[in-house]
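Peer 1: Contents of my_file37.cif (mmCIF, C-alpha atoms) are below:
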```
data_work
loop_
_atom_site.label_atom_id
_atom_site.label_comp_id
_atom_site.auth_asym_id
_atom_site.auth_seq_id
_atom_site.Cartn_x
_atom_site.Cartn_y
_atom_site.Cartn_z
CA MET A 50 -8.89 -32.86 17.96
CA ASP A 51 -12.65 -32.19 17.76
CA MET A 52 -14.13 -29.73 15.30
CA ASP A 53 -14.93 -27.07 17.90
CA THR A 54 -11.35 -27.07 19.19
CA SER A 55 -9.97 -26.97 15.65
CA ALA A 56 -12.21 -24.00 14.77
CA GLN A 57 -11.16 -22.16 17.94
CA ILE A 58 -7.48 -22.66 17.11
CA ARG A 59 -7.98 -21.43 13.54
CA ARG A 60 -9.84 -18.31 14.70
CA LYS A 61 -7.22 -17.60 17.33
CA LEU A 62 -4.47 -18.05 14.76
CA ALA A 63 -6.24 -15.72 12.32
CA THR A 64 -6.70 -13.06 15.01
CA LEU A 65 -3.08 -13.25 16.11
CA ILE A 66 -1.80 -13.07 12.53
CA GLY A 67 -3.96 -9.99 11.92
CA ARG A 68 -2.57 -8.27 15.01
CA LEU A 69 0.98 -9.15 14.03
CA LEU A 70 0.47 -7.75 10.53
CA ASP A 71 -0.95 -4.53 11.96
CA ARG A 72 1.96 -4.13 14.36
CA CYS A 73 4.63 -4.73 11.70
CA LEU A 74 2.98 -2.35 9.23
CA ASP A 75 2.78 0.34 11.91
CA GLU A 76 6.36 -0.11 13.12
CA ALA A 77 7.69 0.01 9.55
CA ARG A 78 6.41 3.59 9.21
CA MET A 79 9.19 5.19 11.23
CA ILE A 80 12.22 5.42 8.93
CA PRO A 81 15.51 6.92 10.16
CA THR A 82 16.66 9.67 7.80
CA VAL A 83 19.49 12.19 7.88
CA LEU A 84 18.58 15.81 8.59
CA HIS A 85 21.46 17.72 7.05
CA ARG A 86 23.37 20.49 8.77
CA ASP A 87 21.48 23.44 7.26
CA GLU A 88 18.13 21.90 8.21
CA ALA A 89 19.35 21.08 11.72
CA ILE A 90 20.68 24.62 12.25
CA ASP A 91 17.36 26.06 11.06
CA ILE A 92 15.50 23.97 13.67
CA LEU A 93 18.04 24.84 16.36
CA VAL A 94 17.56 28.59 15.73
CA ASN A 95 13.78 28.57 15.30
CA ASP A 96 12.72 25.82 17.68
CA PRO A 97 15.45 24.91 20.23
CA ALA A 98 13.07 22.70 22.23
CA ARG A 99 12.29 20.58 19.17
CA PHE A 100 16.01 20.33 18.33
CA ALA A 101 16.77 19.08 21.85
CA ARG A 102 13.94 16.53 21.58
CA LEU A 103 15.23 15.26 18.22
CA VAL A 104 18.73 14.83 19.64
CA GLN A 105 17.32 12.92 22.62
CA GLU A 106 15.22 10.70 20.32
CA GLU A 107 18.25 9.96 18.14
CA ASP A 108 20.28 8.97 21.18
CA ALA A 109 17.48 6.93 22.78
CA GLY A 110 16.61 5.15 19.54
CA LYS A 111 20.23 4.52 18.55
CA THR A 112 19.39 5.67 15.02
CA GLU A 113 22.54 7.65 14.28
CA LEU A 114 23.40 7.38 10.57
CA SER A 115 25.94 10.20 10.46
CA ARG A 116 28.54 11.60 12.83
CA VAL A 117 28.05 15.06 11.35
CA ASP A 118 24.35 15.37 10.61
CA LEU A 119 21.33 14.74 12.81
CA THR A 120 19.31 11.57 12.26
CA VAL A 121 15.55 11.80 12.81
CA LYS A 122 12.73 9.33 12.40
CA PHE A 123 10.60 10.14 9.37
CA ASP A 124 6.98 8.92 9.38
CA ALA A 125 6.55 7.35 5.94
CA GLY A 126 2.85 6.84 6.60
CA VAL A 127 2.20 10.58 6.44
CA ASP A 128 3.64 10.97 2.93
CA LEU A 129 2.37 7.69 1.54
CA GLY A 130 -1.07 8.45 2.92
CA LYS A 131 -1.31 11.15 0.23
CA LEU A 132 -1.28 8.56 -2.55
CA ASN A 133 -5.06 8.28 -2.53
CA ARG A 134 -5.80 11.84 -1.37
CA ALA A 135 -3.66 14.11 -3.56
CA VAL A 136 -5.65 15.18 -6.63
CA SER A 137 -3.58 16.35 -9.60
CA PRO A 138 -4.59 19.52 -11.46
CA PRO A 139 -5.79 19.35 -15.09
CA LEU A 140 -2.83 18.36 -17.26
CA TRP A 141 -4.04 18.31 -20.82
CA GLY A 142 -5.00 21.88 -21.72
CA ASP A 143 -3.79 23.99 -24.63
CA HIS A 144 -0.63 24.92 -22.74
CA GLU A 145 1.94 22.45 -21.47
CA ALA A 146 1.64 21.93 -17.71
CA ASP A 147 4.57 22.22 -15.32
CA LEU A 148 5.22 18.58 -14.46
CA GLY A 149 8.16 19.37 -12.16
CA PRO A 150 6.24 19.30 -8.84
CA ILE A 151 4.23 16.23 -9.91
CA LEU A 152 7.34 14.27 -10.89
CA ASP A 153 9.17 15.40 -7.74
CA ASP A 154 6.30 14.03 -5.64
CA ALA A 155 6.27 10.79 -7.64
CA ASN A 156 10.01 10.28 -7.21
CA HIS A 157 9.76 11.01 -3.49
CA TRP A 158 6.95 8.49 -3.14
CA VAL A 159 8.98 5.87 -5.04
CA ARG A 160 11.88 6.16 -2.59
CA THR A 161 9.66 6.29 0.48
CA PHE A 162 7.52 3.34 -0.61
CA SER A 163 10.59 1.22 -1.35
CA VAL A 164 12.01 1.77 2.13
CA TYR A 165 8.66 1.47 3.89
CA PHE A 166 7.54 -1.78 2.29
CA GLY A 167 11.04 -3.25 2.52
CA ASN A 168 10.96 -2.48 6.25
CA ALA A 169 7.52 -4.07 6.57
CA VAL A 170 8.60 -7.28 4.82
CA THR A 171 11.76 -7.56 6.94
CA LEU A 172 9.89 -6.91 10.18
CA PHE A 173 7.12 -9.35 9.33
CA ASP A 174 9.49 -12.16 8.34
CA LYS A 175 11.37 -11.73 11.61
CA GLU A 176 8.36 -11.35 13.89
CA PHE A 177 6.33 -14.05 12.17
CA GLY A 178 9.14 -16.53 12.76
CA LYS A 179 9.13 -15.69 16.47
CA PHE A 180 5.35 -15.84 16.61
CA ILE A 181 5.14 -19.28 15.00
CA ALA A 182 7.83 -20.67 17.34
CA LYS A 183 5.76 -19.55 20.35
CA PHE A 184 2.52 -20.82 18.81
CA ARG A 185 4.12 -24.20 18.07
CA ASN A 186 5.41 -24.49 21.66
CA SER A 187 1.96 -23.63 23.00
CA LEU A 188 0.37 -26.40 20.91
CA GLU A 189 3.04 -28.92 21.91
CA GLN A 190 2.36 -28.24 25.58
CA SER A 191 -1.26 -29.16 24.87
CA GLY A 192 -0.23 -32.39 23.16
CA MET A 193 -0.77 -31.11 19.62
CA SER A 194 1.57 -30.37 16.71
CA LEU A 195 1.52 -27.49 14.26
CA GLN A 196 0.74 -28.45 10.68
CA VAL A 197 -0.34 -26.39 7.72
CA VAL A 198 -3.75 -24.97 8.65
CA ASP A 199 -6.51 -24.83 6.05
CA PHE A 200 -8.51 -21.69 6.77
CA THR A 201 -12.22 -21.67 6.04
CA THR A 202 -13.91 -18.61 4.54
CA GLU A 203 -15.05 -17.66 8.04
CA ASP A 204 -11.45 -17.79 9.30
CA ALA A 205 -10.24 -15.67 6.40
CA GLU A 206 -12.96 -13.12 7.11
CA VAL A 207 -11.27 -12.42 10.46
CA LEU A 208 -8.28 -11.19 8.45
CA GLU A 209 -10.51 -9.41 5.96
CA ASN A 210 -12.13 -7.46 8.81
CA ALA A 211 -8.71 -6.36 10.05
CA ALA A 212 -7.70 -5.13 6.58
CA SER A 213 -11.12 -3.51 6.05
CA ALA A 214 -10.58 -1.40 9.15
CA HIS A 215 -7.68 0.29 7.33
CA PHE A 216 -9.87 0.74 4.24
CA ALA A 217 -12.59 2.38 6.28
CA ALA A 218 -10.00 4.87 7.56
CA GLY A 219 -8.87 5.60 3.99
CA GLU A 220 -5.55 3.81 4.60
CA PHE A 221 -5.44 1.94 1.30
CA LEU A 222 -1.67 1.48 1.44
CA TYR A 223 -1.91 -0.37 4.76
CA ALA A 224 -4.83 -2.50 3.59
CA PHE A 225 -3.04 -3.67 0.44
CA ALA A 226 0.28 -4.07 2.29
CA PHE A 227 -1.67 -6.25 4.75
CA GLU A 228 -2.91 -8.33 1.80
CA ARG A 229 0.61 -8.62 0.33
CA LEU A 230 2.18 -9.81 3.55
CA LEU A 231 -0.72 -12.17 4.20
CA GLY A 232 -0.03 -13.87 0.90
CA SER A 233 3.74 -14.13 1.41
CA GLN A 234 5.18 -17.48 0.46
CA ILE A 235 6.70 -18.24 3.86
CA MET A 236 3.24 -18.14 5.45
CA ILE A 237 1.47 -20.12 2.75
CA ARG A 238 4.13 -22.86 2.68
CA GLN A 239 4.62 -23.31 6.39
CA VAL A 240 1.51 -22.28 8.23
CA VAL A 241 -1.69 -21.21 6.46
CA ASN A 242 -3.65 -22.09 3.34
CA LEU A 243 -6.29 -19.50 2.54
CA PRO A 244 -9.58 -20.88 1.16
CA PRO A 245 -9.57 -21.69 -2.57
CA GLY A 246 -10.70 -18.69 -4.58
CA PHE A 247 -10.43 -16.28 -1.65
CA SER A 248 -9.00 -12.97 -2.84
CA LEU A 249 -8.66 -10.31 -0.18
CA ARG A 250 -7.71 -7.62 -2.67
CA GLU A 251 -10.83 -8.23 -4.74
CA ARG A 252 -13.09 -8.21 -1.70
CA LEU A 253 -11.59 -4.91 -0.56
CA MET A 254 -11.86 -3.35 -4.01
CA ARG A 255 -15.41 -4.52 -4.65
CA ASN A 256 -16.69 -3.04 -1.39
CA ALA A 257 -14.87 0.26 -1.97
CA LEU A 258 -16.08 0.62 -5.57
CA ARG A 259 -19.68 0.30 -4.40
CA ASP A 260 -19.16 3.37 -2.19
CA ALA A 261 -19.35 6.66 -4.09
CA GLU A 262 -17.11 8.32 -1.49
CA PHE A 263 -14.35 5.72 -1.63
CA ALA A 264 -14.34 4.73 -5.30
CA PRO A 265 -12.44 7.77 -6.71
CA ALA A 266 -9.82 7.58 -3.95
CA LEU A 267 -9.33 3.85 -4.53
CA MET A 268 -8.86 4.41 -8.25
CA ARG A 269 -6.31 7.18 -7.62
CA PHE A 270 -4.43 4.93 -5.22
CA VAL A 271 -4.28 1.82 -7.40
CA LEU A 272 -3.20 3.70 -10.53
CA ARG A 273 -0.63 5.72 -8.60
CA ILE A 274 0.83 2.81 -6.62
CA SER A 275 1.33 0.88 -9.86
CA HIS A 276 4.13 3.29 -10.84
CA VAL A 277 5.20 4.38 -7.35
CA SER A 278 5.98 0.70 -6.64
CA GLN A 279 7.87 0.60 -9.96
CA GLY A 280 5.45 -1.99 -11.27
CA THR A 281 5.61 -4.47 -8.39
CA TRP A 282 2.04 -3.61 -7.37
CA GLY A 283 0.88 -3.17 -10.96
CA ASP A 284 -1.08 -6.41 -10.63
CA LEU A 285 -3.72 -4.43 -8.72
CA VAL A 286 -4.78 -2.63 -11.91
CA PRO A 287 -6.38 -5.52 -13.88
CA PRO A 288 -8.80 -6.52 -11.09
CA LEU A 289 -9.62 -2.83 -10.56
CA VAL A 290 -10.56 -2.52 -14.24
CA ARG A 291 -12.75 -5.62 -14.11
CA LEU A 292 -14.45 -4.72 -10.84
CA ALA A 293 -15.06 -1.08 -11.85
CA GLY A 294 -17.09 -2.38 -14.78
CA GLU A 295 -18.81 -5.10 -12.77
CA THR A 296 -19.91 -2.85 -9.91
CA SER A 297 -20.84 0.34 -11.78
CA GLY A 298 -20.92 -0.53 -15.48
CA GLU A 299 -20.14 2.23 -17.95
CA LYS A 300 -20.20 4.86 -15.20
CA GLY A 301 -17.47 2.99 -13.35
CA MET A 302 -15.28 2.73 -16.43
CA GLU A 303 -15.69 6.41 -17.22
CA ALA A 304 -14.62 7.24 -13.65
CA LEU A 305 -11.57 5.03 -14.11
CA VAL A 306 -10.66 6.84 -17.33
CA ASP A 307 -11.03 10.13 -15.41
CA ALA A 308 -8.59 8.85 -12.77
CA ALA A 309 -6.13 7.67 -15.43
CA GLU A 310 -6.34 11.00 -17.26
CA ARG A 311 -5.45 12.86 -14.06
CA ASP A 312 -2.37 10.70 -13.38
CA VAL A 313 0.18 11.84 -15.95
CA VAL A 314 2.75 9.18 -15.06
CA PHE A 315 0.22 6.37 -15.31
CA SER A 316 -1.16 7.76 -18.59
CA CYS A 317 2.28 7.97 -20.19
CA ASN A 318 3.17 4.48 -19.00
CA LEU A 319 -0.16 3.04 -20.14
CA LEU A 320 -0.06 4.61 -23.60
CA GLU A 321 3.74 4.25 -23.88
CA ARG A 322 4.01 7.78 -25.22
CA PRO A 323 5.59 11.00 -23.87
CA TYR A 324 3.47 13.65 -22.21
CA GLU A 325 3.85 16.16 -25.05
CA ASP A 326 2.51 13.67 -27.61
CA ILE A 327 -0.49 12.76 -25.45
CA ARG A 328 -1.22 16.43 -24.65
CA ARG A 329 -1.58 17.23 -28.35
CA LEU A 330 -4.27 14.60 -28.85
CA PRO A 331 -7.89 15.79 -29.04
CA HIS A 332 -9.68 15.25 -25.74
CA ASP A 333 -12.02 12.53 -27.08
CA GLU A 334 -9.17 10.68 -28.79
CA ARG A 335 -7.04 10.72 -25.63
CA ARG A 336 -9.88 9.27 -23.58
CA ARG A 337 -10.64 6.68 -26.26
CA LEU A 338 -7.02 5.47 -26.20
CA LEU A 339 -6.93 5.35 -22.41
CA ARG A 340 -10.20 3.42 -22.31
CA ALA A 341 -8.97 0.94 -24.93
CA ARG A 342 -5.73 0.27 -23.04
CA LEU A 343 -7.59 -0.13 -19.75
CA ASP A 344 -10.08 -2.52 -21.33
CA ALA A 345 -7.14 -4.55 -22.65
CA LEU A 346 -5.94 -5.04 -19.05
CA ARG A 347 -9.24 -6.63 -18.02
CA PRO A 348 -8.54 -10.23 -16.88
#
```
As structure tokens - that is how I would like this structure written.
Peer 2:
Amino acid sequence: MDMDTSAQIRRKLATLIGRLLDRCLDEARMIPTVLHRDEAIDILVNDPARFARLVQEEDAGKTELSRVDLTVKFDAGVDLGKLNRAVSPPLWGDHEADLGPILDDANHWVRTFSVYFGNAVTLFDKEFGKFIAKFRNSLEQSGMSLQVVDFTTEDAEVLENAASAHFAAGEFLYAFAFERLLGSQIMIRQVVNLPPGFSLRERLMRNALRDAEFAPALMRFVLRISHVSQGTWGDLVPPLVRLAGETSGEKGMEALVDAAERDVVFSCNLLERPYEDIRRLPHDERRRLLRARLDALRP
């Protein structure tokens, strides 16, 4: 196989993998959920046309989860899209804040994220297997065999561009889910080796942190997803700490402390202390402790 043909196959493979990742991440958004009787009756009374449409969608999609209650498809992307947009109110004043709504949102996000990302992983594993079987057959018909493909930096940038499109739209969850699925073991072992030292997450973060509009939203997202994912995406925090300092110096680290201070769940987890104890700390002392713990996470 000559070099031009090999490069064409790698680029085609990268493009197809990017499209497959996008499709699986999009399909995973729609999660069947039970709309209980009181909710269904409320819709039936106030919006009969919508109720009829929901019943038709349940029947057409074969999503029935209950013989008594109505099953509808819930768009997880709408709720999880708030992870980088929702800004918490000040939490550390003289009077104790009402954490009820904040914790309710956090618990809702935990459940939704678990189902969404589990769906995405399951879909991708299934669809990627089908995709590789077709790709292998296509190569065999051309007299070639499929072996583990070593991507160059240029090949990997095809995938980076696909993930960056989500970043540009403020869809940080999709961009990092793209990165997670791209690095799944089944792909690395059987099909693709990314270039040595290539880190999609760091490339995405670095570009976002250089943009004054995106940096605060990225910080909110990474800190929030670290506890919404129940720690499984907590490995995004150390590179964020390092890159915040590298791209913007002291100003970047102060912005990161601001983001941490506004996320009560992250702050309590980071300092390993209850909210009431942290609230009683003087403002400067609280920020000093947060900064010290963040600096300790720097790789």
Peer 1: Atom CA of A:Leu70 and atom CA of A:Phe177 are how many Å apart?
Peer 2: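 Atom-to-atom, atom CA of A:Leu70 and atom CA of A:Phe177 are spaced 8.8 Å apart.
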Peer 1: Written as a list in words, what is the full residue list that the PyMOL selection byres ((chain A and resi 325-328) around 9) yields on the file shown?
Peer 2: Leu140, Trp141, Gly142, Asp143, His144, Glu145, Ser316, Cys317, Leu320, Arg322, Pro323, Tyr324, Arg329, Leu330, Pro331, His332 and Arg335 of chain A
Peer 1: Which one of A:Ala257, A:Leu319, A:Ala341, A:Met236 sits closest to A:Gly219 if you count all atoms listed in the file?
Peer 2: A:Ala257
Peer 1: If we count only C-alpha atoms, what is near stretch 154-163 of chain A at a cut-off of 7 Å, once residues fewer than 3 positions away on the same chain are taken out, given as a list in words?
Peer 2: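 What passes the distance filter is Ala125, Leu129, Pro150, Ile151, Phe166, Gly167, Val277 and Ser278 of chain A.
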Peer 1: Applied to the shown file, which residues does the PyMOL selection byres ((chain A and resi 208-216) around 10) return, written as number ranges by chain?
Peer 2: A: 60, 63-68, 70-71, 202-207, 217-228, 231, 248-250, 252-254, 256-257, 263, 267
Peer 1: Between atom CA of A:Ile58 and atom CA of A:Ser191, what is the spacing in Å?
Peer 2: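 Value for the atom CA of A:Ser191-atom CA of A:Ile58 distance: 11.9 Å.
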Peer 1: Give me, please, the distance in Å between atom CA of A:Val290 and atom CA of A:Arg347, quoted to one decimal.
Peer 2: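 Distance between the two atoms: 5.7 Å.
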Peer 1: For A:Tyr165, please output as a count of residues only all residues within 9 Å (counting all atoms listed in the file; exclusion window: fewer than 4 positions along the same chain).
Peer 2: 11
Peer 1: Would you compute an axis-aligned box for stretch 323-339 of chain A, covering every atom listed for it in the file with 5 Å of margin on each side, and report centre and edge lengths in Å to one decimal as lines of an AutoDock Vina configuration file?
Peer 2:
```
center_x = -3.2
center_y = 11.3
center_z = -25.6
size_x = 27.6
size_y = 21.9
size_z = 16.8
```
Peer 1: Using only C-alpha atoms, pick whichever of A:Leu305, A:Arg229, A:Glu310, A:Glu299 has the shortest atom-to-atom distance to A:Trp282.
Peer 2: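 Smallest distance to A:Trp282 is found for A:Arg229.
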Peer 1: For the PyMOL selection byres ((chain A and resi 270) around 9), applied here, can you spell out every residue it catches as a PDB file with C-alpha atoms, in the coordinates of the input?
Peer 2:
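Listed below is the output, part.pdb:
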```
ATOM      1  CA  LYS A 131      -1.310  11.150   0.230  1.00  0.00           C
ATOM      2  CA  LEU A 132      -1.280   8.560  -2.550  1.00  0.00           C
ATOM      3  CA  ASN A 133      -5.060   8.280  -2.530  1.00  0.00           C
ATOM      4  CA  ARG A 134      -5.800  11.840  -1.370  1.00  0.00           C
ATOM      5  CA  PHE A 221      -5.440   1.940   1.300  1.00  0.00           C
ATOM      6  CA  LEU A 222      -1.670   1.480   1.440  1.00  0.00           C
ATOM      7  CA  PRO A 265     -12.440   7.770  -6.710  1.00  0.00           C
ATOM      8  CA  ALA A 266      -9.820   7.580  -3.950  1.00  0.00           C
ATOM      9  CA  LEU A 267      -9.330   3.850  -4.530  1.00  0.00           C
ATOM     10  CA  MET A 268      -8.860   4.410  -8.250  1.00  0.00           C
ATOM     11  CA  ARG A 269      -6.310   7.180  -7.620  1.00  0.00           C
ATOM     12  CA  VAL A 271      -4.280   1.820  -7.400  1.00  0.00           C
ATOM     13  CA  LEU A 272      -3.200   3.700 -10.530  1.00  0.00           C
ATOM     14  CA  ARG A 273      -0.630   5.720  -8.600  1.00  0.00           C
ATOM     15  CA  ILE A 274       0.830   2.810  -6.620  1.00  0.00           C
ATOM     16  CA  SER A 275       1.330   0.880  -9.860  1.00  0.00           C
TER      17      SER A 275
END
```
Peer 1: May I ask which of the residues A:Arg72, A:His276, A:Arg259, A:Arg311 is the closest one to A:Gly294, counting all atoms listed in the file?
Peer 2: A:Arg259
Peer 1: From the set A:Gly301, A:Val127, A:Ala264, A:Ser187, which residue has the shortest atom-to-atom contact distance to A:Leu62, counting only C-alpha atoms?
Peer 2: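 Between A:Gly301, A:Val127, A:Ala264, A:Ser187, the residue approaching A:Leu62 most closely is A:Ser187.
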